[in-house]
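Participant: Okay, handing you the structure first.
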Amino acid sequence: MQLQRINTKNHKTELWYDLMELFTGLFLVGFLWAHLLFEGSMILGKDTFNSLSVALDENYLPFIGIPLTIIVFFTHFLTAGRRIPTRVQEQKVIWQHARTIKHFNTWSWIVQIVTGMLILILGSIHMWTVVTGWPIEADTSAQRVQAGYLWFYIPLLLLAVVHAGIGLYRQFVKWGWFNRKPVGILISIISSVFILLGIITLFAFFRLGGIS
């Protein structure tokens with residue numbers, strides 16, 4: 001009876017962890033896409049970008065959204081990262097297993113781990129840069145990109161969009177919400193669009209930085 005209670009408690013705990021991982025992940029994917037759309041307004045010109053930035057500030061959205069996003073960011077890392085193997089022997093076993101089976105779901109999990117760890121580092125640097133460089137203005141962002149941050153933001157863009165896309169795919173398949181193949185194709189298309197948008201936006205900032 002005691003063992004049954006322990007098992008039940010563990011299953012409930014794992015369910016709560018899974019749900020927290022799911023909802024924090026969905027929140028971060030939504031934030032990433034919204035963030036890329038906001039940055040993409042730079043394509044329409046710096047006046048459009050600055051007007052949108054001022055409008056957000058006047059409605060206090062960044063002052064609520066940024067602290068909330070930071071909390072969710074680290075919460076997601078803790079809940080999703082609890083399954084990451086920490087021992088070298090465990091890592092070797094998983095690597096050998098992936099090479100032997102060559103199954104997409106196994107490789108996608110490994111990609112999730114690698115991209116997640118890199119995003120933890122690069123994302124933290126990005127958040128610190130944004131918070132300490134407030135307010136967000138087109139000229140300031142453009143000068144940052146022109147000064148060398150372009151080669152920081154391109155990898156971060158690719159890592160974030162790929163991580164988000166694979167994460168969505170794995171969650172949809174895990175919870176049985178959609179068929180594997182159609183949702184995989186749809187997410188691949190959406191991810192490609194956001195990567196293209198992000199790259200065009202970065203070069204719009206780079207061009208403005210050169211003019212400034």
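Order determines the names: the first chain of the structure tokens is A, the second B, and so forth; residues in each chain are numbered 1 upward, and ligands are numbered 1 upward as they are shown.
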Just want the 12 Å neighbourhood of Phe38 of chain A, counted on only C-alpha atoms, with same-chain residues fewer than 4 positions away dropped. Output as a list in words.
Facilitator: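 With the cut-off at 12 Å, the set is Phe31, Leu32, Trp33, Ala34, Met42, Ile43, Leu44, Lys46, Thr48, Phe49, Asn50, Ser51, Leu52, Ser53, Ala55, Leu56, Ile136, Ala138, Phe194, Leu197, Gly198 and Thr201 of chain A.
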Participant: Neighbours of segment 123-131 of chain A within 12 Å (only C-alpha atoms; same-chain residues fewer than 5 positions away dropped), as a PDB file with C-alpha atoms, in the first residue's frame?
Facilitator:
```
ATOM      1  CA  LEU A  28       7.802  30.843 -24.932  1.00  0.00           C
ATOM      2  CA  LEU A  32       9.307  34.111 -29.698  1.00  0.00           C
ATOM      3  CA  PRO A  62       7.336  45.278 -21.646  1.00  0.00           C
ATOM      4  CA  PHE A  63       7.534  46.041 -17.918  1.00  0.00           C
ATOM      5  CA  GLY A  65       6.038  40.888 -20.095  1.00  0.00           C
ATOM      6  CA  ILE A  66       9.833  40.887 -19.766  1.00  0.00           C
ATOM      7  CA  PRO A  67      10.006  39.846 -16.058  1.00  0.00           C
ATOM      8  CA  THR A  69       9.124  35.890 -19.714  1.00  0.00           C
ATOM      9  CA  ILE A  70      12.388  35.632 -17.786  1.00  0.00           C
ATOM     10  CA  ILE A  71      10.643  33.678 -15.006  1.00  0.00           C
ATOM     11  CA  PHE A  73      12.241  30.964 -19.428  1.00  0.00           C
ATOM     12  CA  PHE A  74      14.103  29.588 -16.426  1.00  0.00           C
ATOM     13  CA  PHE A  77      14.598  25.099 -18.435  1.00  0.00           C
ATOM     14  CA  THR A 115      19.868  23.723 -28.647  1.00  0.00           C
ATOM     15  CA  GLY A 116      18.289  24.216 -25.212  1.00  0.00           C
ATOM     16  CA  MET A 117      21.654  24.430 -23.475  1.00  0.00           C
ATOM     17  CA  LEU A 118      22.966  26.883 -26.056  1.00  0.00           C
ATOM     18  CA  ILE A 136      14.397  49.744 -27.368  1.00  0.00           C
ATOM     19  CA  GLU A 137      15.062  52.047 -30.321  1.00  0.00           C
ATOM     20  CA  THR A 140      20.442  51.665 -30.849  1.00  0.00           C
ATOM     21  CA  SER A 141      19.562  48.156 -32.020  1.00  0.00           C
ATOM     22  CA  ARG A 144      24.511  46.958 -31.880  1.00  0.00           C
ATOM     23  CA  VAL A 145      23.988  44.718 -34.918  1.00  0.00           C
ATOM     24  CA  TYR A 149      26.098  41.372 -32.780  1.00  0.00           C
ATOM     25  CA  PHE A 152      25.528  36.570 -32.309  1.00  0.00           C
ATOM     26  CA  TYR A 153      21.891  37.010 -33.333  1.00  0.00           C
ATOM     27  CA  PRO A 155      22.909  31.615 -34.413  1.00  0.00           C
ATOM     28  CA  LEU A 156      20.477  32.611 -31.642  1.00  0.00           C
ATOM     29  CA  LEU A 157      17.701  33.028 -34.213  1.00  0.00           C
ATOM     30  CA  LEU A 159      18.680  27.889 -32.400  1.00  0.00           C
ATOM     31  CA  ALA A 160      15.517  29.465 -30.973  1.00  0.00           C
TER      32      ALA A 160
END
```
Participant: Near Leu186 of chain A, counting only C-alpha atoms, which residues have an atom at most 12 Å away, once you skip same-chain residues fewer than 6 positions from it, shown as a PyMOL selection string?
Facilitator: chain A and resi 165-166+168-169+172+178-180+192-193
Participant: Could you tell me how far atom CA of Thr13 of chain A lies from atom CA of Phe27 of chain A, in Å and to one decimal?
Facilitator: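 Value for the atom CA of Thr13 of chain A-atom CA of Phe27 of chain A distance: 21.0 Å.
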Participant: Leaving out Thr75 of chain A and any residue of its chain fewer than 4 positions from it, which residues lie within 10 Å of it when counting only C-alpha atoms, given as an NGL selection string?
Facilitator: :A and (20-21 or 24-25 or 69-71 or 79-81)
Participant: Got time to write the residues from that selection, C-alpha atoms, as a PDB file, in the first residue's frame?
Facilitator:
```pdb
ATOM      1  CA  MET A  20       4.405  22.880 -16.577  1.00  0.00           C
ATOM      2  CA  GLU A  21       6.888  22.025 -19.318  1.00  0.00           C
ATOM      3  CA  THR A  24       5.822  27.240 -20.308  1.00  0.00           C
ATOM      4  CA  GLY A  25       7.002  25.928 -23.682  1.00  0.00           C
ATOM      5  CA  THR A  69       9.124  35.890 -19.714  1.00  0.00           C
ATOM      6  CA  ILE A  70      12.388  35.632 -17.786  1.00  0.00           C
ATOM      7  CA  ILE A  71      10.643  33.678 -15.006  1.00  0.00           C
ATOM      8  CA  THR A  79      11.164  21.431 -15.904  1.00  0.00           C
ATOM      9  CA  ALA A  80      12.318  20.385 -19.385  1.00  0.00           C
ATOM     10  CA  GLY A  81      15.908  19.864 -18.300  1.00  0.00           C
TER      11      GLY A  81
END
```
Participant: Provide the atom CA of His76 of chain A to atom CA of Leu22 of chain A distance in Å, to one decimal place.
Facilitator: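 These two atoms are separated by 8.5 Å.
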Participant: Rounded to one decimal, what separation in Å do you get between atom CA of Glu39 of chain A and atom CA of Ile187 of chain A?
Facilitator: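 Computing the Euclidean distance for atom CA of Glu39 of chain A and atom CA of Ile187 of chain A yields 20.7 Å.
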